[in-house]
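Enquirer: File name target-v3.csv; file contents CSV, C-alpha atoms; full text below.
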chain,number,residue,atom,x,y,z
A,145,MET,CA,-14.5,-57.1,-69.0
A,146,LYS,CA,-16.7,-56.3,-66.1
A,147,ALA,CA,-20.4,-57.0,-66.0
A,148,THR,CA,-22.7,-54.7,-64.1
A,149,ASP,CA,-26.3,-54.9,-63.0
A,150,GLY,CA,-28.9,-54.2,-65.6
A,151,VAL,CA,-32.0,-56.2,-66.4
A,152,SER,CA,-33.9,-56.2,-69.7
A,153,THR,CA,-37.6,-56.9,-69.7
A,154,LEU,CA,-36.8,-59.0,-72.7
A,155,GLU,CA,-35.2,-61.5,-70.4
A,156,ALA,CA,-38.6,-62.4,-69.1
A,157,SER,CA,-39.8,-63.4,-72.6
A,158,GLY,CA,-38.6,-67.0,-72.2
A,159,VAL,CA,-36.5,-66.8,-75.4
A,160,ASN,CA,-32.7,-67.4,-75.1
A,161,LEU,CA,-31.5,-63.9,-75.8
A,162,CYS,CA,-27.8,-64.7,-75.6
A,163,ALA,CA,-27.4,-67.9,-77.6
A,164,PHE,CA,-24.9,-67.6,-80.4
A,165,GLU,CA,-26.5,-69.8,-82.9
A,166,PRO,CA,-29.2,-68.3,-85.2
A,167,ASP,CA,-32.7,-68.6,-83.7
A,168,VAL,CA,-35.7,-67.5,-85.7
A,169,GLU,CA,-38.0,-67.5,-82.7
A,170,ARG,CA,-35.7,-65.1,-80.9
A,171,VAL,CA,-35.9,-62.7,-83.9
A,172,ARG,CA,-39.7,-62.9,-83.9
A,173,VAL,CA,-39.8,-62.0,-80.2
A,174,LEU,CA,-37.4,-59.2,-80.7
A,175,ASP,CA,-39.4,-57.8,-83.6
A,176,GLN,CA,-42.6,-57.9,-81.6
A,177,HIS,CA,-40.9,-56.2,-78.8
A,178,MET,CA,-39.4,-53.5,-81.0
A,179,ARG,CA,-42.8,-52.8,-82.6
A,180,ARG,CA,-44.6,-52.7,-79.2
A,181,ARG,CA,-42.0,-50.3,-77.8
A,182,LEU,CA,-42.2,-48.1,-80.9
A,183,ALA,CA,-46.0,-48.0,-80.5
A,184,GLU,CA,-45.7,-47.0,-76.9
A,185,SER,CA,-43.2,-44.3,-77.8
A,186,ILE,CA,-45.4,-42.9,-80.6
A,187,ARG,CA,-48.4,-42.8,-78.3
A,188,HIS,CA,-46.4,-41.0,-75.6
A,189,ILE,CA,-45.2,-38.4,-78.2
A,190,ALA,CA,-48.7,-37.9,-79.5
A,191,ASP,CA,-50.0,-37.4,-75.9
A,192,ARG,CA,-47.3,-34.9,-75.0
A,193,SER,CA,-47.5,-33.1,-78.3
A,194,ALA,CA,-51.2,-32.4,-78.0
A,195,GLY,CA,-51.8,-28.8,-79.0
A,196,HIS,CA,-48.6,-28.6,-81.0
A,197,LEU,CA,-48.9,-31.4,-83.6
A,198,HIS,CA,-52.1,-32.0,-85.5
A,199,LEU,CA,-52.6,-35.7,-85.5
A,200,THR,CA,-55.9,-37.3,-86.6
A,201,ALA,CA,-56.9,-39.8,-84.0
A,202,ASP,CA,-58.3,-42.3,-86.5
A,203,VAL,CA,-55.1,-42.2,-88.6
A,204,LEU,CA,-52.9,-42.6,-85.5
A,205,GLU,CA,-54.9,-45.5,-84.2
A,206,ALA,CA,-55.0,-47.2,-87.6
A,207,PHE,CA,-51.2,-47.0,-87.8
A,208,LEU,CA,-50.7,-48.3,-84.3
A,209,THR,CA,-53.1,-51.2,-85.1
A,210,ARG,CA,-51.0,-52.1,-88.1
A,211,LEU,CA,-47.9,-51.8,-86.0
A,212,ALA,CA,-49.3,-54.3,-83.5
A,213,GLN,CA,-50.4,-56.7,-86.2
A,214,GLY,CA,-47.1,-57.2,-88.0
A,215,PRO,CA,-43.8,-55.8,-89.3
A,216,ILE,CA,-43.8,-52.2,-90.5
A,217,ALA,CA,-41.6,-50.5,-93.0
A,218,PRO,CA,-38.2,-50.0,-91.3
A,219,LEU,CA,-38.3,-46.3,-92.0
A,220,ALA,CA,-40.8,-46.1,-89.2
A,221,PHE,CA,-38.0,-46.3,-86.7
A,222,SER,CA,-36.1,-43.6,-88.5
A,223,TYR,CA,-39.0,-41.2,-88.7
A,224,TYR,CA,-39.8,-41.8,-85.0
A,225,SER,CA,-36.2,-41.0,-84.1
A,226,ASP,CA,-36.2,-37.8,-86.1
A,227,ILE,CA,-39.5,-36.7,-84.6
A,228,VAL,CA,-37.9,-37.0,-81.2
A,229,THR,CA,-35.0,-34.9,-82.4
A,230,ALA,CA,-37.2,-32.3,-84.0
A,231,LEU,CA,-39.3,-31.9,-80.9
A,232,GLU,CA,-36.3,-31.5,-78.7
A,233,ASP,CA,-35.2,-28.8,-81.1
A,234,ASP,CA,-38.6,-27.2,-80.9
A,235,ASP,CA,-38.9,-27.7,-84.6
A,236,ILE,CA,-42.7,-28.4,-84.7
A,237,SER,CA,-42.9,-28.0,-88.4
A,238,SER,CA,-40.4,-30.8,-89.1
A,239,ALA,CA,-42.0,-33.0,-86.4
A,240,GLN,CA,-45.4,-32.6,-88.1
A,241,SER,CA,-44.0,-33.5,-91.5
A,242,LEU,CA,-42.2,-36.5,-90.2
A,243,PHE,CA,-45.3,-37.7,-88.3
A,244,ASP,CA,-47.4,-37.3,-91.4
A,245,ALA,CA,-44.9,-39.4,-93.3
A,246,LEU,CA,-44.7,-42.0,-90.5
A,247,LEU,CA,-48.4,-42.6,-90.3
A,248,VAL,CA,-48.8,-43.5,-93.9
A,249,LEU,CA,-45.9,-45.9,-94.1
A,250,PRO,CA,-46.9,-49.3,-95.4
A,251,SER,CA,-46.6,-52.5,-93.5
A,252,ALA,CA,-43.5,-54.5,-94.5
A,253,ASP,CA,-43.7,-57.3,-97.0
A,254,SER,CA,-43.6,-60.7,-95.6
A,255,SER,CA,-40.5,-61.4,-97.7
A,256,MET,CA,-37.2,-59.7,-97.8
A,257,ARG,CA,-37.2,-56.8,-100.3
A,258,VAL,CA,-34.3,-55.5,-102.2
A,259,THR,CA,-34.7,-51.8,-103.2
A,260,ASP,CA,-32.7,-49.1,-104.8
A,261,MET,CA,-32.2,-46.0,-102.7
A,262,GLY,CA,-33.9,-43.0,-104.3
A,263,ASP,CA,-32.4,-39.6,-104.8
A,264,PRO,CA,-31.9,-37.8,-101.5
A,265,ARG,CA,-32.4,-34.4,-103.3
A,266,HIS,CA,-36.0,-35.4,-104.1
A,267,GLU,CA,-37.2,-38.2,-101.8
A,268,LEU,CA,-37.8,-38.0,-98.1
A,269,SER,CA,-37.1,-41.7,-97.7
A,270,ALA,CA,-33.8,-41.4,-99.4
A,271,ARG,CA,-32.8,-38.5,-97.2
A,272,GLN,CA,-33.7,-40.6,-94.2
A,273,PHE,CA,-31.4,-43.4,-95.4
A,274,ALA,CA,-28.6,-40.9,-96.2
A,275,SER,CA,-29.0,-39.3,-92.8
A,276,PHE,CA,-27.4,-42.4,-91.2
A,277,PHE,CA,-24.2,-41.5,-92.9
A,278,ALA,CA,-24.0,-38.1,-91.3
A,279,THR,CA,-21.7,-39.5,-88.6
A,280,GLY,CA,-20.8,-36.2,-87.0
A,281,ALA,CA,-17.4,-37.7,-86.3
A,282,GLY,CA,-15.5,-35.8,-89.0
A,283,ILE,CA,-16.0,-38.4,-91.6
A,284,GLN,CA,-18.0,-37.4,-94.6
A,285,PHE,CA,-19.8,-40.1,-96.6
A,286,ASP,CA,-21.5,-39.4,-99.8
A,287,ILE,CA,-24.3,-41.8,-100.8
A,288,TYR,CA,-26.1,-42.0,-104.1
A,289,PRO,CA,-28.7,-44.0,-105.9
A,290,PRO,CA,-27.1,-47.1,-107.6
A,291,PRO,CA,-26.8,-47.1,-111.3
A,292,ARG,CA,-29.1,-49.6,-112.9
A,293,GLU,CA,-26.4,-52.1,-114.0
A,294,ILE,CA,-24.6,-52.0,-110.6
A,295,SER,CA,-27.9,-52.6,-108.9
A,296,ALA,CA,-28.7,-55.5,-111.1
A,297,GLN,CA,-25.2,-57.1,-110.5
A,298,CYS,CA,-25.6,-56.6,-106.8
A,299,ARG,CA,-29.1,-58.2,-106.8
A,300,ARG,CA,-27.7,-61.2,-108.6
A,301,GLN,CA,-25.0,-61.5,-105.8
A,302,ILE,CA,-27.7,-61.3,-103.1
A,303,ASP,CA,-29.7,-64.0,-104.9
A,304,GLU,CA,-26.7,-66.2,-105.2
A,305,ALA,CA,-25.7,-65.6,-101.6
A,306,MET,CA,-29.2,-66.4,-100.3
A,307,ARG,CA,-29.3,-69.5,-102.4
A,308,LEU,CA,-26.1,-70.7,-100.7
A,309,ILE,CA,-27.4,-69.8,-97.2
A,310,ASP,CA,-30.8,-71.4,-97.8
A,311,ALA,CA,-29.1,-74.6,-98.9
A,312,GLY,CA,-26.2,-74.7,-96.5
A,313,ASP,CA,-27.3,-72.9,-93.4
A,314,PRO,CA,-31.0,-73.1,-93.0
A,315,ALA,CA,-31.0,-71.7,-89.4
A,316,ALA,CA,-29.2,-68.6,-90.6
A,317,SER,CA,-31.5,-68.3,-93.6
A,318,ALA,CA,-34.6,-68.4,-91.4
A,319,GLU,CA,-33.1,-65.8,-89.1
A,320,ILE,CA,-32.1,-63.5,-91.9
A,321,ARG,CA,-35.4,-63.7,-93.7
A,322,ALA,CA,-37.3,-63.1,-90.4
A,323,LEU,CA,-35.1,-60.1,-89.4
A,324,LEU,CA,-34.4,-58.3,-92.6
A,325,ARG,CA,-37.4,-56.7,-94.2
A,326,GLU,CA,-35.4,-54.5,-96.7
A,327,ILE,CA,-32.0,-54.4,-98.2
A,328,VAL,CA,-31.4,-50.9,-99.6
A,329,LEU,CA,-28.9,-50.6,-102.3
A,330,ALA,CA,-26.8,-47.4,-102.8
A,331,VAL,CA,-23.3,-46.5,-103.9
A,332,GLY,CA,-20.6,-44.2,-102.6
A,333,SER,CA,-18.3,-41.7,-104.3
A,334,ASP,CA,-16.2,-42.6,-107.3
A,335,ASP,CA,-13.4,-40.4,-105.9
A,336,ALA,CA,-10.6,-42.8,-105.1
A,337,LYS,CA,-9.6,-40.6,-102.1
A,338,ALA,CA,-13.1,-40.3,-100.7
A,339,TYR,CA,-14.5,-42.3,-97.9
A,340,THR,CA,-17.1,-44.8,-99.0
A,341,PHE,CA,-19.0,-47.5,-97.3
A,342,ASP,CA,-19.5,-51.2,-97.4
A,343,GLY,CA,-22.7,-51.5,-95.5
A,344,ALA,CA,-24.6,-49.8,-92.7
A,345,SER,CA,-27.3,-50.6,-90.2
A,346,SER,CA,-28.8,-48.7,-87.3
A,347,PHE,CA,-31.0,-49.3,-84.3
A,348,MET,CA,-33.3,-46.6,-85.8
A,349,LEU,CA,-33.6,-48.6,-89.0
A,350,TRP,CA,-34.6,-51.9,-87.4
A,351,GLY,CA,-35.1,-54.5,-90.1
A,352,ALA,CA,-33.3,-52.7,-92.9
A,353,ILE,CA,-29.7,-52.7,-94.0
A,354,ILE,CA,-28.0,-50.4,-96.5
A,355,LEU,CA,-25.4,-52.0,-98.8
A,356,ASN,CA,-23.0,-50.5,-101.2
A,357,ALA,CA,-24.0,-52.1,-104.4
A,358,ASN,CA,-20.7,-51.4,-106.0
A,359,ARG,CA,-18.9,-54.5,-104.8
A,360,ASN,CA,-16.7,-57.2,-106.3
A,361,ASP,CA,-16.2,-59.8,-103.6
A,362,GLY,CA,-18.8,-62.2,-105.1
A,363,ALA,CA,-21.3,-64.5,-103.4
A,364,ILE,CA,-19.1,-65.4,-100.4
A,365,GLY,CA,-18.4,-61.8,-99.7
A,366,MET,CA,-22.2,-61.1,-99.9
A,367,VAL,CA,-22.9,-64.0,-97.6
A,368,GLN,CA,-20.7,-62.4,-95.0
A,369,MET,CA,-22.1,-58.9,-95.7
A,370,ILE,CA,-25.6,-60.1,-95.0
A,371,ALA,CA,-24.5,-62.0,-92.0
A,372,HIS,CA,-22.6,-59.0,-90.7
A,373,GLU,CA,-25.5,-56.5,-91.0
A,374,THR,CA,-28.0,-59.1,-89.7
A,375,ALA,CA,-25.8,-59.5,-86.6
A,376,HIS,CA,-25.8,-55.8,-86.0
A,377,ASN,CA,-29.6,-55.8,-86.1
A,378,LEU,CA,-29.7,-58.8,-83.8
A,379,LEU,CA,-27.6,-56.9,-81.2
A,380,PHE,CA,-29.8,-53.8,-81.6
A,381,GLY,CA,-32.8,-55.9,-80.7
A,382,ILE,CA,-31.2,-57.7,-77.8
A,383,GLY,CA,-30.0,-54.4,-76.4
A,384,SER,CA,-33.2,-52.5,-77.1
A,385,ASP,CA,-34.3,-52.2,-73.4
A,386,SER,CA,-30.9,-51.6,-71.9
A,387,PRO,CA,-27.4,-51.1,-73.3
A,388,LEU,CA,-25.2,-54.1,-73.7
A,389,VAL,CA,-22.1,-52.0,-73.4
A,390,LEU,CA,-21.8,-49.4,-70.5
A,391,ASN,CA,-18.5,-47.7,-71.4
A,392,GLU,CA,-18.7,-44.0,-72.1
A,393,PRO,CA,-19.1,-43.1,-75.8
A,394,ASP,CA,-15.9,-40.9,-75.7
A,395,GLU,CA,-13.7,-43.9,-74.6
A,396,LEU,CA,-12.1,-44.9,-77.9
A,397,TYR,CA,-10.3,-48.1,-78.7
A,398,PRO,CA,-8.8,-49.8,-81.8
A,399,SER,CA,-11.4,-51.6,-83.9
A,400,PRO,CA,-10.9,-54.9,-85.7
A,401,LEU,CA,-13.0,-53.7,-88.6
A,402,ARG,CA,-12.3,-50.0,-89.0
A,403,ARG,CA,-9.2,-47.9,-89.1
A,404,ASP,CA,-10.5,-45.1,-86.9
A,405,PRO,CA,-10.7,-45.6,-83.1
A,406,ARG,CA,-14.1,-46.5,-82.0
A,407,PRO,CA,-16.3,-46.4,-78.9
A,408,MET,CA,-16.5,-49.7,-77.0
A,409,ASP,CA,-20.0,-50.2,-78.3
A,410,GLY,CA,-18.6,-50.2,-81.9
A,411,ILE,CA,-15.8,-52.6,-80.9
A,412,TYR,CA,-18.3,-54.9,-79.2
A,413,HIS,CA,-20.5,-54.9,-82.3
A,414,ALA,CA,-17.5,-55.5,-84.7
A,415,THR,CA,-16.2,-58.4,-82.6
A,416,TYR,CA,-19.6,-60.1,-82.4
A,417,VAL,CA,-20.3,-59.6,-86.1
A,418,SER,CA,-16.9,-61.1,-87.0
A,419,ALA,CA,-17.8,-64.2,-85.1
A,420,ARG,CA,-21.2,-64.4,-86.9
A,421,MET,CA,-19.4,-64.0,-90.3
A,422,CYS,CA,-17.0,-66.7,-89.4
A,423,ARG,CA,-19.8,-69.0,-88.3
A,424,ILE,CA,-21.9,-68.7,-91.5
A,425,VAL,CA,-18.9,-69.3,-93.7
A,426,ARG,CA,-17.7,-72.3,-91.7
A,427,THR,CA,-21.3,-73.7,-91.8
A,428,LEU,CA,-21.4,-73.3,-95.6
A,429,ILE,CA,-18.0,-75.0,-95.9
A,430,ALA,CA,-19.2,-77.9,-93.7
A,431,SER,CA,-22.4,-78.2,-95.7
A,432,GLY,CA,-20.5,-79.2,-98.8
A,433,GLN,CA,-22.3,-76.5,-100.8
A,434,LEU,CA,-19.0,-74.9,-101.8
A,435,SER,CA,-16.3,-75.9,-104.3
A,436,GLY,CA,-13.5,-74.5,-106.3
A,437,ALA,CA,-13.0,-70.7,-106.0
A,438,LEU,CA,-15.9,-70.3,-103.7
A,439,LEU,CA,-14.5,-72.8,-101.3
A,440,GLU,CA,-11.0,-71.3,-101.4
A,441,LYS,CA,-12.4,-67.8,-100.7
A,442,ALA,CA,-14.6,-69.1,-97.9
A,443,THR,CA,-11.6,-70.8,-96.3
A,444,ARG,CA,-9.5,-67.7,-96.4
A,445,ASP,CA,-12.3,-65.4,-95.2
A,446,ALA,CA,-13.2,-67.7,-92.3
A,447,ALA,CA,-9.6,-67.6,-91.1
A,448,GLU,CA,-9.6,-63.8,-91.4
A,449,ASP,CA,-12.9,-63.4,-89.6
A,450,ALA,CA,-11.6,-65.5,-86.8
A,451,ARG,CA,-8.4,-63.3,-86.6
A,452,LEU,CA,-10.6,-60.2,-86.4
A,453,PHE,CA,-12.7,-61.7,-83.7
A,454,ARG,CA,-9.6,-62.5,-81.6
A,455,MET,CA,-8.4,-58.9,-82.0
A,456,GLY,CA,-11.7,-57.4,-81.0
A,457,TYR,CA,-12.3,-59.9,-78.2
A,458,GLN,CA,-8.9,-59.0,-76.6
A,459,THR,CA,-10.0,-55.3,-76.5
A,460,VAL,CA,-13.4,-56.2,-75.1
A,461,GLN,CA,-11.9,-58.4,-72.4
A,462,ALA,CA,-9.4,-55.7,-71.4
A,463,HIS,CA,-11.6,-52.6,-71.5
A,464,ALA,CA,-15.3,-53.3,-71.8
A,465,ARG,CA,-17.9,-52.7,-69.0
A,466,LEU,CA,-20.9,-54.9,-70.0
A,467,SER,CA,-24.4,-55.5,-68.8
A,468,PRO,CA,-25.0,-59.1,-67.8
A,469,VAL,CA,-26.8,-59.7,-71.1
A,470,GLY,CA,-24.0,-58.0,-73.0
A,471,GLN,CA,-21.4,-60.2,-71.2
A,472,ALA,CA,-23.4,-63.4,-71.9
A,473,VAL,CA,-23.8,-62.6,-75.6
A,474,ILE,CA,-20.2,-62.1,-76.2
A,475,GLU,CA,-19.1,-65.0,-74.1
A,476,HIS,CA,-21.4,-67.3,-76.1
A,477,ALA,CA,-19.7,-66.0,-79.2
A,478,ALA,CA,-16.3,-66.6,-77.7
A,479,ALA,CA,-17.3,-70.1,-76.7
A,480,TYR,CA,-18.3,-70.8,-80.3
A,481,MET,CA,-15.1,-69.4,-81.7
A,482,ALA,CA,-13.0,-71.3,-79.2
A,483,GLY,CA,-14.7,-74.5,-80.3
A,484,ALA,CA,-14.3,-73.7,-83.9
A,485,ASP,CA,-10.5,-73.0,-83.7
B,38,MET,CA,-45.2,-6.6,-73.3
B,39,ASN,CA,-43.6,-10.0,-72.8
B,40,THR,CA,-42.9,-11.2,-76.4
B,41,SER,CA,-41.4,-14.4,-75.2
B,42,SER,CA,-44.9,-15.7,-74.5
B,43,THR,CA,-45.4,-16.0,-78.3
B,44,LYS,CA,-42.9,-18.8,-78.5
B,45,LEU,CA,-44.4,-22.2,-78.4
B,46,PRO,CA,-43.6,-24.0,-75.2
B,47,ARG,CA,-41.2,-27.0,-75.5
B,48,VAL,CA,-42.8,-30.4,-75.9
B,49,SER,CA,-41.6,-32.3,-72.8
B,50,LEU,CA,-40.8,-36.0,-73.4
B,51,ASP,CA,-40.2,-38.6,-70.8
B,52,TRP,CA,-37.0,-40.3,-72.1
B,53,SER,CA,-37.8,-43.5,-70.1
B,54,LYS,CA,-40.9,-44.0,-72.3
B,55,LEU,CA,-39.0,-43.6,-75.6
B,56,LEU,CA,-37.6,-46.6,-77.4
B,57,GLY,CA,-33.9,-46.3,-77.7
B,58,TYR,CA,-33.5,-43.2,-75.5
B,59,SER,CA,-33.2,-44.8,-72.1
B,60,GLN,CA,-29.6,-43.8,-71.9
B,61,VAL,CA,-30.5,-40.1,-72.4
B,62,GLN,CA,-31.8,-40.2,-68.8
B,63,SER,CA,-28.4,-40.6,-67.4
B,64,LEU,CA,-27.1,-37.7,-69.4
B,65,GLN,CA,-29.8,-35.2,-68.4
B,66,GLY,CA,-28.4,-31.9,-67.4
B,67,THR,CA,-25.2,-32.3,-69.2
B,68,LYS,CA,-24.1,-30.7,-72.5
B,69,ASN,CA,-24.6,-34.1,-74.2
B,70,SER,CA,-28.2,-34.5,-73.2
B,71,THR,CA,-29.9,-33.9,-76.5
B,72,ALA,CA,-31.6,-36.6,-78.4
B,73,LYS,CA,-29.6,-35.6,-81.5
B,74,GLN,CA,-26.3,-36.4,-79.8
B,75,ALA,CA,-27.7,-39.5,-78.2
B,76,LYS,CA,-29.1,-40.8,-81.5
B,77,ILE,CA,-28.6,-44.5,-81.4
B,78,GLY,CA,-25.5,-45.3,-83.2
B,79,ALA,CA,-25.4,-46.3,-86.8
B,80,LYS,CA,-22.9,-49.0,-87.6
B,81,ILE,CA,-21.1,-48.3,-90.8
B,82,GLY,CA,-18.4,-50.4,-92.4
B,83,PHE,CA,-16.3,-48.1,-94.6
B,84,LYS,CA,-13.2,-47.8,-96.6
B,85,THR,CA,-11.1,-45.1,-98.2
B,86,GLY,CA,-11.3,-45.2,-102.0
B,87,VAL,CA,-13.4,-47.7,-103.9
B,88,LYS,CA,-10.4,-49.9,-104.7
B,89,THR,CA,-8.9,-50.2,-101.2
B,90,PHE,CA,-10.6,-52.7,-99.0
B,91,ALA,CA,-9.8,-51.6,-95.4
B,92,LYS,CA,-11.8,-54.1,-93.4
Go ahead and render the structure in this file as structure tokens.
Expert:
Amino acid sequence: MKATDGVSTLEASGVNLCAFEPDVERVRVLDQHMRRRLAESIRHIADRSAGHLHLTADVLEAFLTRLAQGPIAPLAFSYYSDIVTALEDDDISSAQSLFDALLVLPSADSSMRVTDMGDPRHELSARQFASFFATGAGIQFDIYPPPREISAQCRRQIDEAMRLIDAGDPAASAEIRALLREIVLAVGSDDAKAYTFDGASSFMLWGAIILNANRNDGAIGMVQMIAHETAHNLLFGIGSDSPLVLNEPDELYPSPLRRDPRPMDGIYHATYVSARMCRIVRTLIASGQLSGALLEKATRDAAEDARLFRMGYQTVQAHARLSPVGQAVIEHAAAYMAGAD
Amino acid sequence: MNTSSTKLPRVSLDWSKLLGYSQVQSLQGTKNSTAKQAKIGAKIGFKTGVKTFAK
């Protein structure tokens, strides 16, 4: 693993970007930074699109003011990303529609929302969520709205998981609740041979995660799922100014969490999130909140998470080219895991 | 008559000013320089079949 030069303006924020332990203040700084950068980007697009897009100045300014004042619906990042793509494709009509949808997005709730994904055939927001599953890598995911009973069961799992985290790992609870604005529930295909998904997150969906509501690994599984996707979001924020991983995207390596070979950025993420999953489960075990079957599963899963971290970290050490921040982040994770072994 | 003048000119974006697209700068001029291809990666945990946990 080789670190190369690369300085993030976030490094000047005074917050410890690279610490492994959850830090709610770091998340608040990252969220402010992401919103400020999004506002700058939208203003740049609006300036450069003058004469092509019809944007009402008052509406644009009102949106940017809301964006500066507090968290926005995570779909804002997705609409922004697709506006960039549409403009590069000279698709002015699509860019206009996306801009119109962007500017009327609501501010985010102060608390974490759990929502059911709508029908992509009829709802733009659902199509945006589904678009993150168009990987372009030869793997086709189908994603559907969750049936009512499956959604209800999943919501109960999320509630139970968050009760455990609130009681047994307050630092993680604060970080999760500050970072995640929306948990979107969906389901995959019923076809036993089809690819389906566990969960998903994206840089361009900052503050939201998409979970497969059709799951059967209980509260401890949900604890790890939430910690997993939160950790992805954390890395997106830390690396928002400059990449943490500098390897070329077409360099593929075995992943600890997926069967298909993945770019180093994916290996790095998988390795880090394994450490975060291990940490939260071990913290819950140490808190005394778990007993019986929950404790047994937590103990098994913590060992498996640690094994997956070791697998991933070996690949990172052998092949990754990292920015200084990228190297520090993963080394802090490795230091925690070494101490926890 | 030059009909090409009826086509809207391309909106030119400065990648360095766009959240999440700083890496596109280093790809300019290559086949992979489009925003679409550089779209910031989604992280998807997946499995084959609803009953096979392939973590």
Enquirer: Which residues, written as a PyMOL selection string, have at least one atom at most 10 Å from Gln301 of chain A, with all atoms listed in the file counted and residues fewer than 3 positions away on the same chain left out?
Expert: chain A and resi 295-298+304-307+357+359-367
Enquirer: Write a file of the selected residues as a PDB file, in the coordinates of the input, keeping C-alpha atoms.
Expert:
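Contents of selection_6.pdb, as written:
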ATOM      1  CA  SER A 295     -27.900 -52.600-108.900  1.00  0.00           C
ATOM      2  CA  ALA A 296     -28.700 -55.500-111.100  1.00  0.00           C
ATOM      3  CA  GLN A 297     -25.200 -57.100-110.500  1.00  0.00           C
ATOM      4  CA  CYS A 298     -25.600 -56.600-106.800  1.00  0.00           C
ATOM      5  CA  GLU A 304     -26.700 -66.200-105.200  1.00  0.00           C
ATOM      6  CA  ALA A 305     -25.700 -65.600-101.600  1.00  0.00           C
ATOM      7  CA  MET A 306     -29.200 -66.400-100.300  1.00  0.00           C
ATOM      8  CA  ARG A 307     -29.300 -69.500-102.400  1.00  0.00           C
ATOM      9  CA  ALA A 357     -24.000 -52.100-104.400  1.00  0.00           C
ATOM     10  CA  ARG A 359     -18.900 -54.500-104.800  1.00  0.00           C
ATOM     11  CA  ASN A 360     -16.700 -57.200-106.300  1.00  0.00           C
ATOM     12  CA  ASP A 361     -16.200 -59.800-103.600  1.00  0.00           C
ATOM     13  CA  GLY A 362     -18.800 -62.200-105.100  1.00  0.00           C
ATOM     14  CA  ALA A 363     -21.300 -64.500-103.400  1.00  0.00           C
ATOM     15  CA  ILE A 364     -19.100 -65.400-100.400  1.00  0.00           C
ATOM     16  CA  GLY A 365     -18.400 -61.800 -99.700  1.00  0.00           C
ATOM     17  CA  MET A 366     -22.200 -61.100 -99.900  1.00  0.00           C
ATOM     18  CA  VAL A 367     -22.900 -64.000 -97.600  1.00  0.00           C
TER      19      VAL A 367
END
Enquirer: Would you compute the distance between atom CA of Ser193 of chain A and atom CA of Leu242 of chain A? Give it in Å to one decimal.
Expert: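 Atom CA of Ser193 of chain A sits 13.5 Å away from atom CA of Leu242 of chain A.
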Enquirer: Give as number ranges by chain every residue of chain A that touches chain B within 7 Å, counting all atoms listed in the file.
Expert: A: 181-182, 185, 189, 192-193, 228-229, 231-232, 234, 276, 334-348, 384, 401-402
Enquirer: Report, in Å with one decimal, the straight-line distance from atom CA of Arg325 of chain A to atom CA of Pro215 of chain A.
Expert: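 Interatomic distance, atom CA of Arg325 of chain A to atom CA of Pro215 of chain A: 8.1 Å.
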Enquirer: Quick check, in Å to one decimal: how far apart do atom CA of Ala472 of chain A and atom CA of Leu396 of chain A lie?
Expert: 22.5 Å
Enquirer: Extract, using all atoms listed in the file, all DNA, RNA and protein residues at most 7 Å from segment 253-268 of chain A, discarding same-chain residues fewer than 3 positions from it, and format them as a PDB file with C-alpha atoms, keeping the file's coordinate frame.
Expert:
ATOM      1  CA  ARG A 271     -32.800 -38.500 -97.200  1.00  0.00           C
ATOM      2  CA  GLN A 272     -33.700 -40.600 -94.200  1.00  0.00           C
ATOM      3  CA  ALA A 274     -28.600 -40.900 -96.200  1.00  0.00           C
ATOM      4  CA  TYR A 288     -26.100 -42.000-104.100  1.00  0.00           C
ATOM      5  CA  PRO A 289     -28.700 -44.000-105.900  1.00  0.00           C
ATOM      6  CA  PRO A 290     -27.100 -47.100-107.600  1.00  0.00           C
ATOM      7  CA  ARG A 321     -35.400 -63.700 -93.700  1.00  0.00           C
ATOM      8  CA  LEU A 324     -34.400 -58.300 -92.600  1.00  0.00           C
ATOM      9  CA  ARG A 325     -37.400 -56.700 -94.200  1.00  0.00           C
ATOM     10  CA  GLU A 326     -35.400 -54.500 -96.700  1.00  0.00           C
ATOM     11  CA  ILE A 327     -32.000 -54.400 -98.200  1.00  0.00           C
ATOM     12  CA  VAL A 328     -31.400 -50.900 -99.600  1.00  0.00           C
ATOM     13  CA  LEU A 329     -28.900 -50.600-102.300  1.00  0.00           C
ATOM     14  CA  ALA A 330     -26.800 -47.400-102.800  1.00  0.00           C
TER      15      ALA A 330
END
Enquirer: Just want the 7 Å neighbourhood of segment 411-426 of chain A, counted on only C-alpha atoms, with same-chain residues fewer than 2 positions away dropped. Output as an MDAnalysis selection string.
Expert: chainID A and resid 368 371:372 375:376 399:401 406:409 428:430 442 446 449:450 452:453 456:457 460 474 477 481
Enquirer: In the coordinate frame of the file, compute which residues have an atom within 8 Å of (-6.7, -67.4, -80.8) when using only C-alpha atoms, and state them as a CSV table (one decimal) with C-alpha atoms, keeping the file's coordinate frame.
Expert:
chain,number,residue,atom,x,y,z
A,450,ALA,CA,-11.6,-65.5,-86.8
A,451,ARG,CA,-8.4,-63.3,-86.6
A,454,ARG,CA,-9.6,-62.5,-81.6
A,482,ALA,CA,-13.0,-71.3,-79.2
A,485,ASP,CA,-10.5,-73.0,-83.7
Enquirer: For segment 176-181 of chain A, take all atoms listed in the file, fit an axis-aligned box around them, add 5 Å to each of the six sides, then output centre and edge lengths in Å rounded to one decimal, as AutoDock Vina command-line options.
Expert:
--center_x -42.0 --center_y -54.1 --center_z -80.2 --size_x 15.2 --size_y 17.6 --size_z 14.8
